[in-house]
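Trainee: Pasting work_10.cif below, which is mmCIF, C-alpha atoms.
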data_data
#
loop_
_atom_site.label_atom_id
_atom_site.label_comp_id
_atom_site.auth_asym_id
_atom_site.auth_seq_id
_atom_site.Cartn_x
_atom_site.Cartn_y
_atom_site.Cartn_z
CA MET A 1 18.75 46.40 -11.10
CA THR A 2 16.27 43.65 -10.37
CA GLU A 3 18.28 41.23 -12.47
CA GLN A 4 21.48 42.26 -10.67
CA ARG A 5 19.88 41.69 -7.26
CA ARG A 6 18.58 38.32 -8.35
CA HIS A 7 22.05 37.10 -9.26
CA ASP A 8 23.64 38.52 -6.11
CA GLU A 9 21.17 36.93 -3.71
CA PRO A 10 21.66 33.30 -2.71
CA ASP A 11 19.29 31.12 -4.72
CA ASP A 12 17.50 29.01 -2.13
CA LEU A 13 15.78 26.98 -4.84
CA LEU A 14 19.15 25.74 -6.12
CA THR A 15 20.51 24.57 -2.78
CA PRO A 16 20.89 20.84 -2.11
CA THR A 17 18.06 19.22 -0.19
CA LEU A 18 18.76 15.58 -0.93
CA GLN A 19 22.21 15.20 0.60
CA GLY A 20 22.49 12.33 3.04
CA ARG A 21 19.36 10.83 1.60
CA ASP A 22 19.90 7.14 1.11
CA ALA A 23 18.24 5.09 -1.56
CA ARG A 24 15.34 2.93 -0.45
CA PRO A 25 17.04 -0.29 0.75
CA ALA A 26 16.26 -3.33 -1.38
CA ASP A 27 14.95 -5.18 1.69
CA ALA A 28 12.78 -2.26 2.90
CA GLN A 29 9.21 -3.21 3.68
CA ARG A 30 6.97 -2.57 0.70
CA PRO A 31 3.74 -0.62 1.26
CA TRP A 32 0.27 -2.08 0.80
CA ARG A 33 -2.16 -1.16 -1.96
CA LEU A 34 -4.23 1.80 -0.76
CA GLY A 35 -7.31 0.29 -2.38
CA SER A 36 -6.98 -2.86 -0.27
CA ILE A 37 -7.16 -0.90 3.01
CA VAL A 38 -10.84 -0.20 2.28
CA TYR A 39 -11.57 -3.85 3.17
CA VAL A 40 -9.92 -3.36 6.56
CA ALA A 41 -11.99 -0.20 7.07
CA PHE A 42 -15.26 -1.92 6.14
CA PHE A 43 -14.75 -5.09 8.15
CA GLY A 44 -12.61 -3.68 10.99
CA GLY A 45 -13.74 -0.08 11.48
CA ALA A 46 -11.90 3.22 11.78
CA LEU A 47 -9.31 2.10 14.37
CA ALA A 48 -8.20 -0.90 12.31
CA ALA A 49 -8.02 1.21 9.13
CA ALA A 50 -6.01 3.90 10.96
CA THR A 51 -3.52 1.34 12.31
CA ILE A 52 -2.91 -0.20 8.90
CA SER A 53 -2.78 3.24 7.25
CA LEU A 54 -0.27 4.48 9.81
CA LEU A 55 2.00 1.49 9.18
CA ASN A 56 1.58 2.02 5.45
CA SER A 57 2.41 5.72 5.79
CA ARG A 58 5.67 4.77 7.52
CA ARG A 59 6.48 2.31 4.74
CA LEU A 60 5.89 5.11 2.23
CA GLY A 61 8.27 7.34 4.20
CA GLN A 62 5.73 10.10 4.79
CA SER A 63 6.33 13.09 7.06
CA ALA A 64 5.69 13.03 10.81
CA SER A 65 2.73 15.41 10.41
CA THR A 66 0.99 13.04 7.99
CA GLN A 67 1.76 10.12 10.27
CA ALA A 68 0.14 12.05 13.11
CA ALA A 69 -2.93 12.99 11.05
CA ILE A 70 -3.82 9.36 10.30
CA PRO A 71 -4.33 8.17 13.91
CA ALA A 72 -6.11 11.48 14.59
CA LEU A 73 -8.60 10.56 11.85
CA GLY A 74 -8.93 7.07 13.31
CA ALA A 75 -9.55 8.45 16.80
CA ALA A 76 -12.10 10.95 15.43
CA GLY A 77 -13.84 8.10 13.62
CA PHE A 78 -13.92 5.98 16.76
CA ALA A 79 -15.29 8.93 18.78
CA GLY A 80 -17.89 9.45 16.05
CA VAL A 81 -18.97 5.80 16.28
CA LEU A 82 -19.31 6.02 20.07
CA PHE A 83 -21.33 9.22 19.72
CA VAL A 84 -23.65 7.71 17.10
CA ALA A 85 -23.99 4.60 19.30
CA THR A 86 -25.59 6.77 22.02
CA LEU A 87 -28.24 7.90 19.51
CA VAL A 88 -29.20 4.68 17.73
CA ASP A 89 -30.31 1.20 18.70
CA GLU A 90 -27.91 -1.71 18.89
CA ASP A 91 -29.00 -3.05 15.51
CA SER A 92 -27.99 0.16 13.72
CA VAL A 93 -24.53 0.39 15.34
CA ARG A 94 -23.14 -2.08 12.79
CA ILE A 95 -24.07 0.28 9.96
CA ALA A 96 -22.68 3.30 11.81
CA ILE A 97 -19.31 1.60 12.35
CA ARG A 98 -18.99 0.85 8.64
CA ALA A 99 -20.21 4.24 7.42
CA VAL A 100 -17.90 6.17 9.75
CA ALA A 101 -14.97 3.88 8.92
CA LEU A 102 -15.44 4.46 5.19
CA VAL A 103 -15.51 8.25 5.70
CA ALA A 104 -12.33 8.04 7.83
CA TYR A 105 -10.75 5.78 5.22
CA GLY A 106 -11.50 8.42 2.56
CA GLY A 107 -9.42 10.91 4.53
CA MET A 108 -6.60 8.42 5.10
CA TYR A 109 -6.61 7.55 1.40
CA LEU A 110 -6.22 11.21 0.42
CA LEU A 111 -3.39 11.68 2.93
CA GLN A 112 -1.43 8.80 1.40
CA ARG A 113 -2.39 9.07 -2.27
CA SER A 114 0.42 11.33 -3.42
CA ALA A 115 3.15 9.38 -1.56
CA ASP A 116 1.71 6.15 -2.94
CA ARG A 117 1.89 7.53 -6.48
CA VAL A 118 5.47 8.72 -5.97
CA TYR A 119 6.35 5.21 -4.82
CA HIS A 120 4.49 3.36 -7.57
CA TYR A 121 5.55 5.74 -10.38
CA HIS A 122 9.22 5.01 -9.76
CA GLN A 123 9.02 1.27 -9.13
CA ARG A 124 10.28 -1.26 -11.61
CA ASP A 125 9.16 -4.41 -9.76
CA ASP A 126 6.30 -6.38 -11.27
CA ASP A 127 4.47 -6.35 -7.94
CA PRO A 128 5.76 -3.52 -5.76
CA TYR A 129 3.18 -4.04 -2.99
CA ASP A 130 3.05 -6.35 0.02
CA SER A 131 0.13 -8.63 0.77
CA LEU A 132 -2.32 -7.19 3.30
CA TRP A 133 -3.94 -10.51 4.19
CA GLY A 134 -2.08 -11.18 7.48
CA PRO A 135 -1.91 -7.65 8.91
CA GLY A 136 -5.40 -6.84 7.63
CA LEU A 137 -7.01 -9.87 9.27
CA ALA A 138 -5.08 -9.22 12.50
CA ALA A 139 -6.35 -5.62 12.58
CA VAL A 140 -9.93 -6.69 11.83
CA PHE A 141 -9.98 -9.41 14.49
CA SER A 142 -8.35 -7.29 17.21
CA LEU A 143 -9.24 -3.62 16.82
CA GLY A 144 -12.38 -4.32 14.79
CA ILE A 145 -13.82 -6.54 17.52
CA ALA A 146 -12.75 -4.07 20.25
CA GLU A 147 -14.49 -1.19 18.43
CA THR A 148 -17.65 -3.25 17.90
CA VAL A 149 -17.77 -4.32 21.56
CA ALA A 150 -17.27 -0.72 22.75
CA ALA A 151 -19.97 0.63 20.42
CA HIS A 152 -22.47 -2.11 21.30
CA GLY A 153 -21.75 -1.56 24.99
CA ILE A 154 -22.78 2.07 24.69
CA ALA A 155 -25.78 1.34 22.49
CA ALA A 156 -27.05 -1.22 24.96
CA MET B 1 34.00 8.05 -41.44
CA THR B 2 34.27 9.28 -37.82
CA GLU B 3 31.73 12.06 -38.42
CA ASN B 4 29.40 9.59 -40.13
CA GLY B 5 29.73 7.22 -37.18
CA LEU B 6 28.88 9.95 -34.68
CA ALA B 7 25.97 11.24 -36.78
CA LEU B 8 24.66 7.70 -37.14
CA ALA B 9 24.91 7.09 -33.39
CA GLN B 10 23.11 10.36 -32.67
CA ARG B 11 20.35 9.44 -35.11
CA TYR B 12 19.92 6.01 -33.50
CA ILE B 13 19.63 7.64 -30.06
CA GLN B 14 17.00 10.06 -31.40
CA VAL B 15 14.87 7.25 -32.82
CA GLY B 16 15.08 5.18 -29.63
CA ARG B 17 17.57 2.56 -30.81
CA PRO B 18 20.41 2.93 -28.29
CA ASP B 19 21.65 -0.61 -29.00
CA ARG B 20 22.35 0.35 -32.61
CA ALA B 21 23.97 3.59 -31.45
CA LEU B 22 26.35 1.59 -29.25
CA GLU B 23 27.18 -0.66 -32.21
CA ALA B 24 27.92 2.40 -34.37
CA LEU B 25 30.14 3.89 -31.65
CA ALA B 26 31.99 0.58 -31.26
CA GLN B 27 33.07 0.87 -34.89
CA LEU B 28 35.01 4.09 -34.20
CA ASP B 29 38.79 3.92 -33.94
CA GLU B 30 40.46 4.49 -30.56
CA THR B 31 41.16 8.21 -31.04
CA ALA B 32 37.65 8.97 -32.30
CA ALA B 33 36.05 6.95 -29.50
CA ALA B 34 37.96 8.97 -26.90
CA ALA B 35 36.72 12.31 -28.28
CA PRO B 36 34.32 14.22 -25.97
CA GLU B 37 31.34 13.97 -28.34
CA ALA B 38 31.75 10.21 -28.77
CA ARG B 39 31.95 9.68 -25.00
CA TRP B 40 28.92 11.89 -24.47
CA LEU B 41 26.94 9.95 -27.09
CA ARG B 42 28.06 6.64 -25.62
CA GLY B 43 26.84 7.75 -22.19
CA PHE B 44 23.41 8.69 -23.57
CA ALA B 45 23.20 5.46 -25.56
CA LEU B 46 23.95 3.47 -22.40
CA TYR B 47 21.29 5.50 -20.57
CA GLY B 48 18.80 4.85 -23.37
CA ALA B 49 19.61 1.13 -23.16
CA GLU B 50 18.74 1.33 -19.42
CA ARG B 51 22.34 0.45 -18.49
CA TYR B 52 22.28 3.17 -15.85
CA ALA B 53 25.36 2.11 -13.86
CA ASP B 54 27.43 2.01 -17.07
CA ALA B 55 26.02 5.39 -18.15
CA ALA B 56 26.94 6.95 -14.79
CA GLU B 57 30.44 5.45 -14.95
CA SER B 58 30.87 6.71 -18.49
CA ALA B 59 29.79 10.24 -17.46
CA GLN B 60 32.10 10.22 -14.43
CA GLU B 61 35.08 9.12 -16.53
CA ALA B 62 34.38 11.83 -19.10
CA LEU B 63 34.02 14.42 -16.32
CA GLU B 64 37.54 13.59 -15.11
CA ASP B 65 38.85 14.94 -18.41
CA ASP B 66 36.31 17.71 -18.76
CA PRO B 67 35.19 18.72 -15.26
CA GLY B 68 32.04 20.79 -15.01
CA GLU B 69 30.77 20.06 -18.53
CA PRO B 70 26.99 20.67 -18.16
CA GLY B 71 25.96 17.97 -20.65
CA LEU B 72 27.95 15.32 -18.79
CA LEU B 73 26.67 16.52 -15.41
CA TYR B 74 23.13 16.31 -16.79
CA LEU B 75 23.75 12.76 -17.98
CA LEU B 76 25.28 11.84 -14.60
CA SER B 77 22.20 13.23 -12.85
CA LEU B 78 19.84 11.30 -15.15
CA ALA B 79 21.70 8.01 -14.65
CA THR B 80 22.18 8.28 -10.88
CA GLU B 81 18.52 9.26 -10.48
CA GLN B 82 17.54 5.98 -12.11
CA LEU B 83 19.93 4.17 -9.75
CA ASP B 84 18.15 5.85 -6.80
CA GLU B 85 21.39 7.60 -5.86
CA LEU B 86 19.53 10.81 -5.24
CA ALA B 87 22.26 12.69 -3.33
CA GLU B 88 24.67 12.17 -6.22
CA SER B 89 22.03 13.07 -8.77
CA ASP B 90 21.26 16.23 -6.75
CA SER B 91 24.96 17.25 -6.66
CA ALA B 92 25.44 16.66 -10.39
CA ILE B 93 22.43 18.68 -11.54
CA LEU B 94 23.18 21.51 -9.11
CA ALA B 95 26.75 21.69 -10.47
CA ALA B 96 25.28 22.00 -13.98
CA LEU B 97 22.78 24.64 -12.83
CA GLU B 98 25.57 26.69 -11.26
CA GLN B 99 26.68 27.43 -14.80
CA ASP B 100 23.23 28.17 -16.19
CA PRO B 101 20.61 28.62 -13.44
CA ASP B 102 17.81 29.35 -15.91
CA ASP B 103 18.26 26.42 -18.29
CA ALA B 104 14.79 24.87 -18.55
CA GLU B 105 16.06 21.36 -19.33
CA LEU B 106 18.37 21.34 -16.31
CA LEU B 107 15.66 22.80 -14.05
CA CYS B 108 13.21 20.12 -15.20
CA GLN B 109 15.77 17.39 -14.48
CA TYR B 110 16.25 18.83 -10.99
CA ALA B 111 12.46 18.84 -10.58
CA SER B 112 12.43 15.18 -11.61
CA VAL B 113 15.00 14.29 -8.93
CA CYS B 114 12.96 16.19 -6.33
CA MET B 115 9.78 14.38 -7.42
CA ARG B 116 11.51 11.04 -7.03
CA ALA B 117 12.43 12.06 -3.48
CA GLY B 118 8.82 13.13 -2.81
CA GLN B 119 9.74 16.85 -2.58
CA LEU B 120 6.79 17.93 -4.69
CA ASP B 121 6.61 21.55 -3.51
CA LYS B 122 10.21 22.21 -4.50
CA ALA B 123 9.63 20.41 -7.80
CA GLU B 124 6.68 22.70 -8.49
CA ARG B 125 8.80 25.81 -7.89
CA LEU B 126 11.51 24.48 -10.20
CA ILE B 127 8.98 23.78 -12.94
CA GLU B 128 7.53 27.29 -12.56
CA ARG B 129 11.02 28.71 -13.00
CA ALA B 130 11.65 26.49 -16.02
CA SER B 131 8.31 27.58 -17.46
CA ALA B 132 9.31 31.24 -17.09
CA ALA B 133 12.56 30.51 -18.94
CA ALA B 134 11.00 28.41 -21.71
CA PRO B 135 7.21 28.74 -21.69
CA GLY B 136 5.36 25.83 -23.28
CA SER B 137 8.48 23.76 -23.92
CA ALA B 138 8.11 19.98 -24.12
CA ASP B 139 10.43 19.50 -21.11
CA VAL B 140 8.34 21.84 -18.98
CA LEU B 141 5.09 20.16 -20.05
CA SER B 142 6.51 16.68 -19.36
CA ALA B 143 7.66 17.71 -15.90
CA GLY B 144 4.29 19.36 -15.25
CA ILE B 145 2.47 16.17 -16.28
CA ALA B 146 4.53 14.05 -13.89
CA LEU B 147 4.01 16.51 -11.04
CA ALA B 148 0.24 16.75 -11.58
CA TYR B 149 -0.03 12.96 -11.67
CA LEU B 150 2.04 12.51 -8.49
CA ARG B 151 -0.10 15.10 -6.71
CA GLY B 152 -3.20 13.12 -7.69
CA ASP B 153 -4.45 15.94 -9.95
CA ASP B 154 -5.45 13.75 -12.89
CA ARG B 155 -7.40 16.49 -14.68
CA ARG B 156 -4.36 18.78 -14.84
CA ALA B 157 -2.18 15.84 -15.88
CA ARG B 158 -4.60 15.09 -18.73
CA ARG B 159 -4.77 18.74 -19.83
CA HIS B 160 -0.97 19.06 -19.94
CA THR B 161 -0.68 15.72 -21.74
CA GLU B 162 -3.13 16.82 -24.42
CA GLU B 163 -1.07 20.01 -24.89
CA LEU B 164 2.08 17.91 -25.21
CA LEU B 165 0.46 15.60 -27.78
CA ALA B 166 -0.79 18.61 -29.74
CA MET B 167 2.85 19.73 -30.01
CA ASN B 168 4.14 16.25 -30.80
CA PRO B 169 1.54 13.59 -31.65
CA GLU B 170 4.24 10.90 -31.43
CA ASP B 171 5.29 11.69 -27.86
CA VAL B 172 5.55 8.33 -26.10
CA GLN B 173 5.24 9.72 -22.59
CA GLY B 174 2.06 11.53 -23.59
CA HIS B 175 0.37 8.40 -24.95
CA ARG B 176 1.55 6.39 -21.94
CA MET B 177 0.22 8.96 -19.47
CA LEU B 178 -3.18 9.21 -21.17
CA GLY B 179 -3.33 5.41 -21.12
CA VAL B 180 -2.57 5.28 -17.40
CA LEU B 181 -5.12 8.03 -16.66
CA ASP B 182 -7.78 6.14 -18.66
CA LEU B 183 -6.85 2.92 -16.87
CA ASN B 184 -7.21 4.59 -13.48
CA ARG B 185 -10.68 5.80 -14.44
CA GLY B 186 -11.86 2.41 -15.66
CA ARG B 187 -11.89 3.37 -19.38
CA MET B 188 -10.08 0.20 -20.35
CA ALA B 189 -10.69 0.21 -24.12
CA ALA B 190 -9.38 3.78 -24.43
CA ALA B 191 -6.45 2.88 -22.16
CA ALA B 192 -5.57 -0.15 -24.29
CA GLU B 193 -5.66 1.99 -27.44
CA ARG B 194 -3.43 4.72 -25.96
CA LEU B 195 -0.94 2.28 -24.47
CA SER B 196 -0.75 0.30 -27.72
CA GLU B 197 0.10 3.57 -29.45
CA ALA B 198 2.90 4.15 -26.90
CA VAL B 199 4.19 0.60 -27.50
CA ARG B 200 4.14 1.23 -31.26
CA TYR B 201 6.43 4.24 -30.84
CA GLU B 202 8.69 2.59 -28.24
CA PRO B 203 8.46 -1.21 -28.56
CA SER B 204 11.43 -1.83 -26.27
CA HIS B 205 9.74 -0.33 -23.16
CA GLN B 206 8.62 -3.45 -21.31
CA PRO B 207 6.55 -1.80 -18.50
CA THR B 208 4.37 -0.02 -21.09
CA ALA B 209 3.92 -3.27 -23.04
CA ASP B 210 2.87 -5.03 -19.80
CA THR B 211 0.40 -2.28 -18.89
CA ALA B 212 -1.03 -2.31 -22.42
CA ARG B 213 -1.57 -6.08 -22.12
CA THR B 214 -3.32 -5.61 -18.76
CA ALA B 215 -5.55 -2.87 -20.22
CA ARG B 216 -6.50 -5.11 -23.17
CA LYS B 217 -7.44 -7.94 -20.77
CA LEU B 218 -9.47 -5.60 -18.57
CA SER B 219 -11.41 -4.24 -21.55
CA ASN B 220 -13.05 -7.68 -21.82
CA PRO B 221 -16.71 -7.50 -20.59
CA LEU B 222 -15.84 -10.28 -18.12
CA TRP B 223 -14.02 -7.64 -16.06
CA LEU B 224 -16.89 -5.13 -16.14
CA PRO B 225 -17.14 -5.12 -12.30
CA ALA B 226 -13.47 -4.12 -12.05
CA GLN B 227 -14.13 -1.30 -14.55
CA PHE B 228 -17.04 -0.13 -12.39
CA VAL B 229 -14.87 0.00 -9.26
CA ALA B 230 -12.07 1.80 -11.14
CA ARG B 231 -14.49 4.34 -12.58
CA LEU B 232 -15.93 5.36 -9.21
CA GLY B 233 -12.67 4.92 -7.32
CA VAL B 234 -12.26 2.42 -4.49
CA ALA B 235 -13.65 4.70 -1.78
CA GLY B 236 -16.45 6.01 -4.03
CA SER B 237 -17.64 2.56 -5.08
CA TRP B 238 -17.75 1.40 -1.44
CA PHE B 239 -19.76 4.49 -0.44
CA VAL B 240 -22.25 3.84 -3.22
CA ALA B 241 -22.50 0.14 -2.37
CA VAL B 242 -22.97 0.71 1.36
CA ALA B 243 -25.52 3.47 0.72
CA ILE B 244 -27.55 1.21 -1.60
CA ILE B 245 -27.37 -1.93 0.58
CA PHE B 246 -28.16 -0.24 3.89
CA GLY B 247 -30.54 2.29 2.28
CA LEU B 248 -32.70 -0.48 0.85
CA ARG B 249 -32.66 -2.23 4.20
CA ALA B 250 -33.64 0.93 6.07
CA LEU B 251 -36.57 1.38 3.66
CA GLY B 252 -37.75 -2.14 4.42
CA PHE B 253 -36.67 -3.78 1.14
CA GLU B 254 -34.86 -6.65 2.86
CA THR B 255 -34.73 -8.94 -0.20
CA ALA B 256 -33.50 -6.19 -2.52
CA SER B 257 -30.87 -5.27 0.06
CA ALA B 258 -29.70 -8.90 0.25
CA ILE B 259 -29.49 -9.12 -3.57
CA ALA B 260 -27.50 -5.85 -3.67
CA GLY B 261 -25.20 -7.27 -0.99
CA VAL B 262 -24.54 -10.44 -2.98
CA ALA B 263 -24.00 -8.40 -6.17
CA TRP B 264 -21.51 -6.21 -4.35
CA LEU B 265 -19.71 -9.29 -3.01
CA ILE B 266 -19.37 -10.62 -6.58
CA ILE B 267 -18.08 -7.23 -7.77
CA CYS B 268 -15.49 -7.24 -4.96
CA VAL B 269 -14.32 -10.78 -5.76
CA VAL B 270 -14.06 -10.06 -9.51
CA SER B 271 -12.16 -6.81 -8.82
CA TRP B 272 -9.87 -8.68 -6.47
CA VAL B 273 -8.90 -11.35 -9.00
CA ALA B 274 -8.80 -8.97 -12.00
CA PRO B 275 -5.38 -8.41 -13.64
CA ARG B 276 -3.56 -5.48 -12.10
CA GLU B 277 -1.28 -2.87 -13.53
#
Reformat the file's structure so that it appears as structure tokens.

Mentor:
Amino acid sequence: MTEQRRHDEPDDLLTPTLQGRDARPADAQRPWRLGSIVYVAFFGGALAAATISLLNSRRLGQSASTQAAIPALGAAGFAGVLFVATLVDEDSVRIAIRAVALVAYGGMYLLQRSADRVYHYHQRDDDPYDSLWGPGLAAVFSLGIAETVAAHGIAA
Amino acid sequence: MTENGLALAQRYIQVGRPDRALEALAQLDETAAAAPEARWLRGFALYGAERYADAAESAQEALEDDPGEPGLLYLLSLATEQLDELAESDSAILAALEQDPDDAELLCQYASVCMRAGQLDKAERLIERASAAAPGSADVLSAGIALAYLRGDDRRARRHTEELLAMNPEDVQGHRMLGVLDLNRGRMAAAAERLSEAVRYEPSHQPTADTARTARKLSNPLWLPAQFVARLGVAGSWFVAVAIIFGLRALGFETASAIAGVAWLIICVVSWVAPRE
């Protein structure tokens, strides 16, 4: 009876879910190494790490919910830095920015790890990743400086 | 003569020599070469030789004469998956599964296509179904290993891999996976040993040979800092470094903090320039 019902019911597991899905174009932008984003987090803070991670998440083709979670982590990290800045002296703000950014980066890393492995596992290129030098430095010198100025402003 | 040629080709495919299998099949006369089994073997030999476009074309041609043959649909799915033609791979494996929805090998191939597309939840359900149909089979274990690795669950990947190697100590994928897991954890000597074993069983697989070479280089004490970073993980090593550097400073050990900072800088530079997988 159970067996009969199982064969009569439509099998949702065996329905196509990949139709219309194109192959990754050869000229598609390659993601960055997740491990390299830690440098952006350390030198640029949570906002810079979130920006780079968000762009990387798009390159990895992650879902909209994951892409939304990354800036949320960045914003939470930035809010955390501003909060800590009200409690500590100006000298300690530098440490707070880095510590909070590394915690936020940990979350961003976990959000992207599986998609990064799916990408890397199926790649045949010798070097399937893009260089982070340009975008990383741009994020550090723009958002990193903005975050530092904001935090020092509050601490002062 | 024809039967010998087919048996020889099949044997060459089994031992990972698809080039020899193609040579054996080329010796067949026209009638024998057009037989379904010969075309099927030729398709698998082309797939084994990583000539995926030719393998897909061969399977499609054979399917014109024998539409719906599950073995050919399976081959078509394998080849198109490697070509990143996931919609076509999806259609082919589903057509095969229509005929036998509980075939573990077909279910695992479908799981593989889903994993390539990043649909890990669906892949997990397919593997569970395959496991119910053929508990403990090598196909199910292999698919489970890939899924665990892609999910970032390295412990489960290792456990499944050890089960697979207990069943077949010469399984190339098993040795390769253990090597990659060791490499990711900074155990470079163990990684080099495992990957060399995988190369020994499948010398023609260039990516494994390259990774084995990288692991051998990284097992040199010169790259000890890179091993340290790999062992703790990128995020973990930075947490430890920042805690030590700023902790020492907070406790008033300014000189020790500065030395730790310089040491960390050296570790970062060495890790940065170290050979990568």

Trainee: Quick one: apply the PyMOL selection byres ((chain B) within 10 of (chain A)) to the file and drop the selected residues here as a VMD selection string.

Mentor: chain B and resid 81 to 91 93 to 95 97 to 98 101 107 110 113 to 120 122 to 123 125 to 126 129 146 to 153 207 210 233 to 236 238 to 239 242 to 243 246 250 268 272 276 to 277

Trainee: Once the PyMOL selection byres ((chain B and resi 201) around 9) has been applied to the shown file, what residues remain in the selection, as an mmCIF file with C-alpha atoms, keeping the file's coordinate frame?

Mentor:
data_model
loop_
_atom_site.group_PDB
_atom_site.id
_atom_site.type_symbol
_atom_site.label_atom_id
_atom_site.label_comp_id
_atom_site.auth_asym_id
_atom_site.auth_seq_id
_atom_site.Cartn_x
_atom_site.Cartn_y
_atom_site.Cartn_z
ATOM 1 C CA GLY B 16 15.080 5.180 -29.630
ATOM 2 C CA GLU B 170 4.240 10.900 -31.430
ATOM 3 C CA ASP B 171 5.290 11.690 -27.860
ATOM 4 C CA VAL B 172 5.550 8.330 -26.100
ATOM 5 C CA SER B 196 -0.750 0.300 -27.720
ATOM 6 C CA GLU B 197 0.100 3.570 -29.450
ATOM 7 C CA ALA B 198 2.900 4.150 -26.900
ATOM 8 C CA VAL B 199 4.190 0.600 -27.500
ATOM 9 C CA ARG B 200 4.140 1.230 -31.260
ATOM 10 C CA GLU B 202 8.690 2.590 -28.240
ATOM 11 C CA PRO B 203 8.460 -1.210 -28.560
#

Trainee: Select, from B:Ala49, B:Ala191, B:Ala7, B:Ala56, the residue with the minimum atom-to-atom distance to B:Glu37, counting all atoms listed in the file.

Mentor: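 Among the listed residues, the smallest separation from B:Glu37 belongs to B:Ala7.
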
Trainee: Could you work out how far atom CA of B:Pro225 lies from atom CA of B:Arg194, giving the answer in Å with one decimal?

Mentor: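 Result for atom CA of B:Arg194 versus atom CA of B:Pro225: 21.7 Å, one decimal.
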
Trainee: Give the answer as one residue: which of A:Phe78, A:Ala155, A:Ala41, A:Gln29 has the shortest atom-to-atom distance to A:Phe141, using only C-alpha atoms?

Mentor: A:Ala41

Trainee: Please report the interatomic distance between atom CA of A:Ile70 and atom CA of A:Asn56 in Å with one decimal.

Mentor: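 Those two atoms sit 10.3 Å apart.
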
Trainee: Write out as a PDB file with C-alpha atoms, in the frame of the given file the residues lying within 12 Å of B:Thr211, counting only C-alpha atoms and excluding same-chain residues fewer than 3 positions away.

Mentor:
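The result, written out as result.pdb:
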ATOM      1  CA  ASP A 126       6.300  -6.380 -11.270  1.00  0.00           C
TER       2      ASP A 126
ATOM      3  CA  ARG B 176       1.550   6.390 -21.940  1.00  0.00           C
ATOM      4  CA  MET B 177       0.220   8.960 -19.470  1.00  0.00           C
ATOM      5  CA  GLY B 179      -3.330   5.410 -21.120  1.00  0.00           C
ATOM      6  CA  VAL B 180      -2.570   5.280 -17.400  1.00  0.00           C
ATOM      7  CA  LEU B 181      -5.120   8.030 -16.660  1.00  0.00           C
ATOM      8  CA  ASP B 182      -7.780   6.140 -18.660  1.00  0.00           C
ATOM      9  CA  LEU B 183      -6.850   2.920 -16.870  1.00  0.00           C
ATOM     10  CA  ASN B 184      -7.210   4.590 -13.480  1.00  0.00           C
ATOM     11  CA  MET B 188     -10.080   0.200 -20.350  1.00  0.00           C
ATOM     12  CA  ALA B 191      -6.450   2.880 -22.160  1.00  0.00           C
ATOM     13  CA  ALA B 192      -5.570  -0.150 -24.290  1.00  0.00           C
ATOM     14  CA  GLU B 193      -5.660   1.990 -27.440  1.00  0.00           C
ATOM     15  CA  ARG B 194      -3.430   4.720 -25.960  1.00  0.00           C
ATOM     16  CA  LEU B 195      -0.940   2.280 -24.470  1.00  0.00           C
ATOM     17  CA  SER B 196      -0.750   0.300 -27.720  1.00  0.00           C
ATOM     18  CA  ALA B 198       2.900   4.150 -26.900  1.00  0.00           C
ATOM     19  CA  VAL B 199       4.190   0.600 -27.500  1.00  0.00           C
ATOM     20  CA  HIS B 205       9.740  -0.330 -23.160  1.00  0.00           C
ATOM     21  CA  GLN B 206       8.620  -3.450 -21.310  1.00  0.00           C
ATOM     22  CA  PRO B 207       6.550  -1.800 -18.500  1.00  0.00           C
ATOM     23  CA  THR B 208       4.370  -0.020 -21.090  1.00  0.00           C
ATOM     24  CA  THR B 214      -3.320  -5.610 -18.760  1.00  0.00           C
ATOM     25  CA  ALA B 215      -5.550  -2.870 -20.220  1.00  0.00           C
ATOM     26  CA  ARG B 216      -6.500  -5.110 -23.170  1.00  0.00           C
ATOM     27  CA  LYS B 217      -7.440  -7.940 -20.770  1.00  0.00           C
ATOM     28  CA  LEU B 218      -9.470  -5.600 -18.570  1.00  0.00           C
ATOM     29  CA  PRO B 275      -5.380  -8.410 -13.640  1.00  0.00           C
ATOM     30  CA  ARG B 276      -3.560  -5.480 -12.100  1.00  0.00           C
ATOM     31  CA  GLU B 277      -1.280  -2.870 -13.530  1.00  0.00           C
TER      32      GLU B 277
END

Trainee: Given the file shown, determine the residues that the PyMOL selection byres ((chain A and resi 66) around 9) selects; report them as an MDAnalysis selection string.

Mentor: chainID A and resid 54 57 62:65 67:70 111:112
